[in-house]
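I have placed the structure first, in the form of structure tokens, so that the comments after it can refer back to it.
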Amino acid sequence: MGQLANGPARFTDIAKPFDTALNSVTKHLKLLERAGLVERQKQGREVLISFRGEPLREVAGWMHEYERFWNERLDQFEQHFQKKKQKEKER
Amino acid sequence: MSEPKKTIEVRVERTIHAPADEVFDAWLDPKIPGNPWNIAEKLLLNPKIDGFFYWLIQGNAHYGRFTEMERPGRIQHTWMSRSTSGEESTVTVTFQKKGEDTLMTLVHSGLPDTDGGRGHDKGWNFFLDSFTKQFSQ
């Protein structure tokens, strides 16, 4: 998704950085396509994949600024206890 | 007679790997990362029933009064800020024993449902960030 945020990319370029079979990259992309988050276009022999932000934008529109705030706070709070537990284990 | 204002509620849950009394105390200790008090630019905090807090963050003042304090199960206080349009909202935090862990639930209710209160852009960034992280792992 990070790669697609900068614009459409070729399927082969998307798959390159991943250390997995092309099949599993195809599977991931199909899931994203089904969710309406990416679009495929054939250009000659190449397949171009582009990101569609609209479905995410709709969901994000429902997020209140306090929802974001409390989620960030509680994530950090949870992490504090995880680190504490980890330190206790290492002793 | 004016119509009652439409309000919304935000609910967040986390399972914390520690007993409830420890989590309860940490939530009220400004030295512990993750609770709101920890990131204050200026803080006056009196966590007892009818005790007040003043919390300044990024130049925005927040005020509140503690209305419930039941260690280790429940904390409730009011919350007023620019984002609540001067109205009193309510923050309720509960700590429930879950085996050796604690289920922490935070409910922020009575928030005005206004365009100003909704953070479209912020929410959008947050959502995309976490979404991207999921796929980069």
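Residue numbering restarts at 1 for every chain of the structure tokens, chains are lettered A, B, ... in their displayed order, and ligands are numbered from 1 as they appear.
Near A:Glu78, within 12 Å and counting only C-alpha atoms, sit Trp70, Asn71, Glu72, Arg73, Lys83, Lys84 and Lys85 of chain A; Glu13, Arg14, Thr15, Ile16, His17, Ala18, Val23, Ala26, Trp27, Ile32, Pro33, Gly34, Asn35, Asp101, Thr102, Leu103 and Met104 of chain B; same-chain residues fewer than 5 positions away were not included.
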Write a file of the selected residues as a PDB file, in the first residue's frame, keeping N, CA and C atoms.
```
ATOM      1  N   TRP A  70      -7.512   8.872  22.067  1.00  0.00           N
ATOM      2  CA  TRP A  70      -7.539   7.841  23.111  1.00  0.00           C
ATOM      3  C   TRP A  70      -6.880   6.547  22.622  1.00  0.00           C
ATOM      4  N   ASN A  71      -7.025   6.254  21.342  1.00  0.00           N
ATOM      5  CA  ASN A  71      -6.359   5.060  20.804  1.00  0.00           C
ATOM      6  C   ASN A  71      -4.845   5.189  20.911  1.00  0.00           C
ATOM      7  N   GLU A  72      -4.321   6.349  20.567  1.00  0.00           N
ATOM      8  CA  GLU A  72      -2.870   6.571  20.655  1.00  0.00           C
ATOM      9  C   GLU A  72      -2.385   6.476  22.102  1.00  0.00           C
ATOM     10  N   ARG A  73      -3.159   7.105  23.019  1.00  0.00           N
ATOM     11  CA  ARG A  73      -2.788   7.077  24.438  1.00  0.00           C
ATOM     12  C   ARG A  73      -2.748   5.635  24.948  1.00  0.00           C
ATOM     13  N   LYS A  83       6.714  -3.449  27.913  1.00  0.00           N
ATOM     14  CA  LYS A  83       8.158  -3.243  28.121  1.00  0.00           C
ATOM     15  C   LYS A  83       8.540  -3.619  29.545  1.00  0.00           C
ATOM     16  N   LYS A  84       7.681  -3.236  30.492  1.00  0.00           N
ATOM     17  CA  LYS A  84       7.933  -3.512  31.896  1.00  0.00           C
ATOM     18  C   LYS A  84       8.026  -5.028  32.121  1.00  0.00           C
ATOM     19  N   LYS A  85       7.083  -5.757  31.544  1.00  0.00           N
ATOM     20  CA  LYS A  85       7.038  -7.222  31.684  1.00  0.00           C
ATOM     21  C   LYS A  85       8.300  -7.842  31.058  1.00  0.00           C
TER      22      LYS A  85
ATOM     23  N   GLU B  13     -10.859   0.017  23.877  1.00  0.00           N
ATOM     24  CA  GLU B  13     -10.572  -1.079  24.818  1.00  0.00           C
ATOM     25  C   GLU B  13      -9.160  -1.603  24.602  1.00  0.00           C
ATOM     26  N   ARG B  14      -8.493  -1.983  25.679  1.00  0.00           N
ATOM     27  CA  ARG B  14      -7.179  -2.627  25.574  1.00  0.00           C
ATOM     28  C   ARG B  14      -7.060  -3.671  26.690  1.00  0.00           C
ATOM     29  N   THR B  15      -6.332  -4.745  26.405  1.00  0.00           N
ATOM     30  CA  THR B  15      -6.005  -5.696  27.461  1.00  0.00           C
ATOM     31  C   THR B  15      -4.578  -5.407  27.898  1.00  0.00           C
ATOM     32  N   ILE B  16      -4.415  -5.096  29.178  1.00  0.00           N
ATOM     33  CA  ILE B  16      -3.106  -4.723  29.710  1.00  0.00           C
ATOM     34  C   ILE B  16      -2.551  -5.890  30.525  1.00  0.00           C
ATOM     35  N   HIS B  17      -1.280  -6.200  30.277  1.00  0.00           N
ATOM     36  CA  HIS B  17      -0.673  -7.342  30.967  1.00  0.00           C
ATOM     37  C   HIS B  17      -0.172  -6.948  32.360  1.00  0.00           C
ATOM     38  N   ALA B  18      -1.104  -6.667  33.246  1.00  0.00           N
ATOM     39  CA  ALA B  18      -0.773  -6.323  34.636  1.00  0.00           C
ATOM     40  C   ALA B  18      -2.068  -6.377  35.450  1.00  0.00           C
ATOM     41  N   VAL B  23      -2.653  -1.162  37.117  1.00  0.00           N
ATOM     42  CA  VAL B  23      -3.072  -0.405  35.925  1.00  0.00           C
ATOM     43  C   VAL B  23      -3.814   0.861  36.357  1.00  0.00           C
ATOM     44  N   ALA B  26      -1.347   3.393  37.608  1.00  0.00           N
ATOM     45  CA  ALA B  26      -0.527   3.921  36.507  1.00  0.00           C
ATOM     46  C   ALA B  26      -1.304   4.936  35.682  1.00  0.00           C
ATOM     47  N   TRP B  27      -2.609   4.732  35.556  1.00  0.00           N
ATOM     48  CA  TRP B  27      -3.440   5.647  34.756  1.00  0.00           C
ATOM     49  C   TRP B  27      -3.492   7.041  35.376  1.00  0.00           C
ATOM     50  N   ILE B  32       3.839   7.983  34.016  1.00  0.00           N
ATOM     51  CA  ILE B  32       3.692   6.770  33.193  1.00  0.00           C
ATOM     52  C   ILE B  32       3.278   7.136  31.764  1.00  0.00           C
ATOM     53  N   PRO B  33       4.069   6.699  30.758  1.00  0.00           N
ATOM     54  CA  PRO B  33       3.704   7.003  29.361  1.00  0.00           C
ATOM     55  C   PRO B  33       2.380   6.359  28.966  1.00  0.00           C
ATOM     56  N   GLY B  34       1.598   7.088  28.218  1.00  0.00           N
ATOM     57  CA  GLY B  34       0.348   6.526  27.702  1.00  0.00           C
ATOM     58  C   GLY B  34      -0.886   7.138  28.331  1.00  0.00           C
ATOM     59  N   ASN B  35      -0.790   7.543  29.611  1.00  0.00           N
ATOM     60  CA  ASN B  35      -1.983   8.212  30.158  1.00  0.00           C
ATOM     61  C   ASN B  35      -1.949   9.673  29.675  1.00  0.00           C
ATOM     62  N   ASP B 101      -4.477 -10.591  33.483  1.00  0.00           N
ATOM     63  CA  ASP B 101      -4.468  -9.299  32.795  1.00  0.00           C
ATOM     64  C   ASP B 101      -5.640  -8.420  33.241  1.00  0.00           C
ATOM     65  N   THR B 102      -5.690  -7.229  32.665  1.00  0.00           N
ATOM     66  CA  THR B 102      -6.787  -6.294  32.969  1.00  0.00           C
ATOM     67  C   THR B 102      -7.395  -5.787  31.665  1.00  0.00           C
ATOM     68  N   LEU B 103      -8.699  -5.914  31.569  1.00  0.00           N
ATOM     69  CA  LEU B 103      -9.385  -5.337  30.413  1.00  0.00           C
ATOM     70  C   LEU B 103      -9.720  -3.884  30.770  1.00  0.00           C
ATOM     71  N   MET B 104      -9.117  -2.975  30.023  1.00  0.00           N
ATOM     72  CA  MET B 104      -9.314  -1.554  30.284  1.00  0.00           C
ATOM     73  C   MET B 104     -10.259  -0.988  29.227  1.00  0.00           C
TER      74      MET B 104
END
```
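Near B:Ala20, within a cut-off of 7 Å and counting only C-alpha atoms, sit the residues Phe24, Pro72, Phe95, Gln96, Lys97 and Thr102 of chain B, with same-chain residues fewer than 4 positions away left out.
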Can you write just those residues out, N, CA and C atoms, as a short mmCIF file (atom, residue, chain, number, x, y, z; two decimals), in the first residue's frame?
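Wrote again.cif, looks like this:
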```cif
data_model
loop_
_atom_site.label_atom_id
_atom_site.label_comp_id
_atom_site.auth_asym_id
_atom_site.auth_seq_id
_atom_site.Cartn_x
_atom_site.Cartn_y
_atom_site.Cartn_z
N PHE B 24 -4.68 0.71 37.34
CA PHE B 24 -5.45 1.85 37.88
C PHE B 24 -4.49 2.95 38.35
N PRO B 72 -9.89 -0.74 42.53
CA PRO B 72 -9.17 -0.61 41.27
C PRO B 72 -10.08 -0.70 40.04
N PHE B 95 -11.61 -0.90 34.82
CA PHE B 95 -10.51 -1.87 34.83
C PHE B 95 -11.10 -3.20 35.32
N GLN B 96 -11.12 -4.18 34.43
CA GLN B 96 -11.78 -5.45 34.75
C GLN B 96 -10.75 -6.57 34.75
N LYS B 97 -10.71 -7.35 35.81
CA LYS B 97 -9.76 -8.47 35.89
C LYS B 97 -10.08 -9.49 34.80
N THR B 102 -5.69 -7.23 32.66
CA THR B 102 -6.79 -6.29 32.97
C THR B 102 -7.39 -5.79 31.67
#
```
Quick check for you: according to DSSP on this backbone, which residues of chain B are classed as helix (DSSP H, G or I)? Reply as a ChimeraX atom specification. /B:20-27,36-39,82-84,120-136
Resulting file, chosen residues, C-alpha atoms, as an mmCIF file, in the first residue's frame:
```cif
data_model
loop_
_atom_site.group_PDB
_atom_site.id
_atom_site.type_symbol
_atom_site.label_atom_id
_atom_site.label_comp_id
_atom_site.auth_asym_id
_atom_site.auth_seq_id
_atom_site.Cartn_x
_atom_site.Cartn_y
_atom_site.Cartn_z
ATOM 1 C CA ALA B 20 -6.027 -4.046 37.830
ATOM 2 C CA ASP B 21 -4.710 -2.118 40.858
ATOM 3 C CA GLU B 22 -1.355 -1.561 39.125
ATOM 4 C CA VAL B 23 -3.072 -0.405 35.925
ATOM 5 C CA PHE B 24 -5.449 1.852 37.879
ATOM 6 C CA ASP B 25 -2.548 3.548 39.720
ATOM 7 C CA ALA B 26 -0.527 3.921 36.507
ATOM 8 C CA TRP B 27 -3.440 5.647 34.756
ATOM 9 C CA PRO B 36 -3.124 11.690 29.078
ATOM 10 C CA TRP B 37 -1.406 13.480 31.980
ATOM 11 C CA ASN B 38 2.022 12.262 30.837
ATOM 12 C CA ILE B 39 2.117 14.527 27.775
ATOM 13 C CA ARG B 82 -12.222 23.618 22.778
ATOM 14 C CA SER B 83 -13.248 20.400 21.003
ATOM 15 C CA THR B 84 -16.235 19.937 23.327
ATOM 16 C CA HIS B 120 -11.518 13.963 9.252
ATOM 17 C CA ASP B 121 -7.945 14.707 8.265
ATOM 18 C CA LYS B 122 -6.397 13.434 11.464
ATOM 19 C CA GLY B 123 -8.524 10.301 11.342
ATOM 20 C CA TRP B 124 -7.630 9.758 7.733
ATOM 21 C CA ASN B 125 -3.877 9.962 8.442
ATOM 22 C CA PHE B 126 -4.132 7.707 11.451
ATOM 23 C CA PHE B 127 -6.150 5.111 9.604
ATOM 24 C CA LEU B 128 -3.868 5.072 6.611
ATOM 25 C CA ASP B 129 -0.745 4.890 8.779
ATOM 26 C CA SER B 130 -1.965 1.863 10.675
ATOM 27 C CA PHE B 131 -3.321 0.283 7.524
ATOM 28 C CA THR B 132 0.020 0.704 5.753
ATOM 29 C CA LYS B 133 1.900 -0.740 8.720
ATOM 30 C CA GLN B 134 -0.260 -3.880 8.579
ATOM 31 C CA PHE B 135 0.882 -4.546 5.056
ATOM 32 C CA SER B 136 4.527 -3.643 5.557
#
```
Polymer residues at most 10 Å from B:Val12, only C-alpha atoms, same-chain spacing of 4 or more positions, as a ChimeraX atom specification: /A:67-68,70-71,74 /B:93,104-108
Now that the selection is made, can you save its residues with C-alpha atoms as a compact mmCIF listing (two decimals), in the first residue's frame?
```txt
# COMPACT_ATOMS: atom_id res chain seq x y z
CA GLU A 67 -11.15 8.37 19.09
CA ARG A 68 -7.74 8.85 17.53
CA TRP A 70 -7.54 7.84 23.11
CA ASN A 71 -6.36 5.06 20.80
CA LEU A 74 -3.92 3.53 25.20
CA VAL B 93 -12.43 4.30 32.56
CA MET B 104 -9.31 -1.55 30.28
CA THR B 105 -12.31 0.21 28.71
CA LEU B 106 -12.41 3.95 28.15
CA VAL B 107 -15.68 5.61 27.15
CA HIS B 108 -15.71 9.30 26.27
```
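DSSP on the backbone gives strand (DSSP E) for these parts of chain A: Ala9, Arg10, Val38, Glu39, Arg40, Gln41, Lys42, Gln43, Glu46, Val47, Leu48, Ile49, Ser50 and Phe51 of chain A.
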Counting only C-alpha atoms, the residue among A:Ala9, A:Ile14, A:Ile49, A:Ala21 that lies closest to A:Leu37 is A:Ile49
Pairwise distance for atom CA of A:Asp75 and atom CA of B:Ala40, rounded to one decimal in Å: 17.3 Å
Neighbouring residues of B:Asp50 were defined as those with any atom within 9 Å, considering only C-alpha atoms; residues of the same chain fewer than 4 positions away were excluded. Please report them as a list in words. Asn46, Arg65, Phe66, Thr67, Glu68 and His77 of chain B
Could the residues in this selection be written to a file with C-alpha atoms, as a JSON list (two decimals), in the first residue's frame?
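Final output, out_28.json:
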```json
[["chain", "number", "residue", "atom", "x", "y", "z"],
["B", 46, "ASN", "CA", -6.10, 16.21, 42.04],
["B", 65, "ARG", "CA", -13.69, 17.26, 37.78],
["B", 66, "PHE", "CA", -13.38, 13.70, 39.12],
["B", 67, "THR", "CA", -16.85, 12.32, 39.80],
["B", 68, "GLU", "CA", -16.12, 8.64, 40.55],
["B", 77, "HIS", "CA", -14.31, 12.58, 35.34]]
```
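Each of B:Leu44, B:Gly110, B:Lys5, B:Val10 was checked against chain A using only C-alpha atoms; the smallest atom-to-atom distance is that of B:Val10.
For the set B:Lys48, B:Arg71, B:Lys98, B:Lys6, the residue with the smallest atom-to-atom gap to B:Asp113 is B:Lys6, counting only C-alpha atoms.
Compared by their closest atoms to A:Arg52, and using only C-alpha atoms, the residues A:Arg34, A:Lys89, A:Lys16, A:Lys27 rank with A:Arg34 nearest.
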Excluding same-chain residues fewer than 4 positions from A:Ala35, what lies within 10 Å of it counting only C-alpha atoms, as an MDAnalysis selection string? chainID A and resid 29:31 52 55
Please, could you write that set of residues out with C-alpha atoms as a short mmCIF file (atom, residue, chain, number, x, y, z; two decimals), in the first residue's frame?
```cif
data_model
loop_
_atom_site.label_atom_id
_atom_site.label_comp_id
_atom_site.auth_asym_id
_atom_site.auth_seq_id
_atom_site.Cartn_x
_atom_site.Cartn_y
_atom_site.Cartn_z
CA LEU A 29 -3.91 -7.96 -4.35
CA LYS A 30 -7.10 -9.86 -5.18
CA LEU A 31 -8.30 -9.33 -1.59
CA ARG A 52 -8.28 3.75 -4.50
CA PRO A 55 -13.48 3.52 0.75
#
```
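Compared by their closest atoms to chain A, and using only C-alpha atoms, the residues B:Gln58, B:Thr114, B:Ser85, B:Gln76 rank with B:Thr114 nearest.
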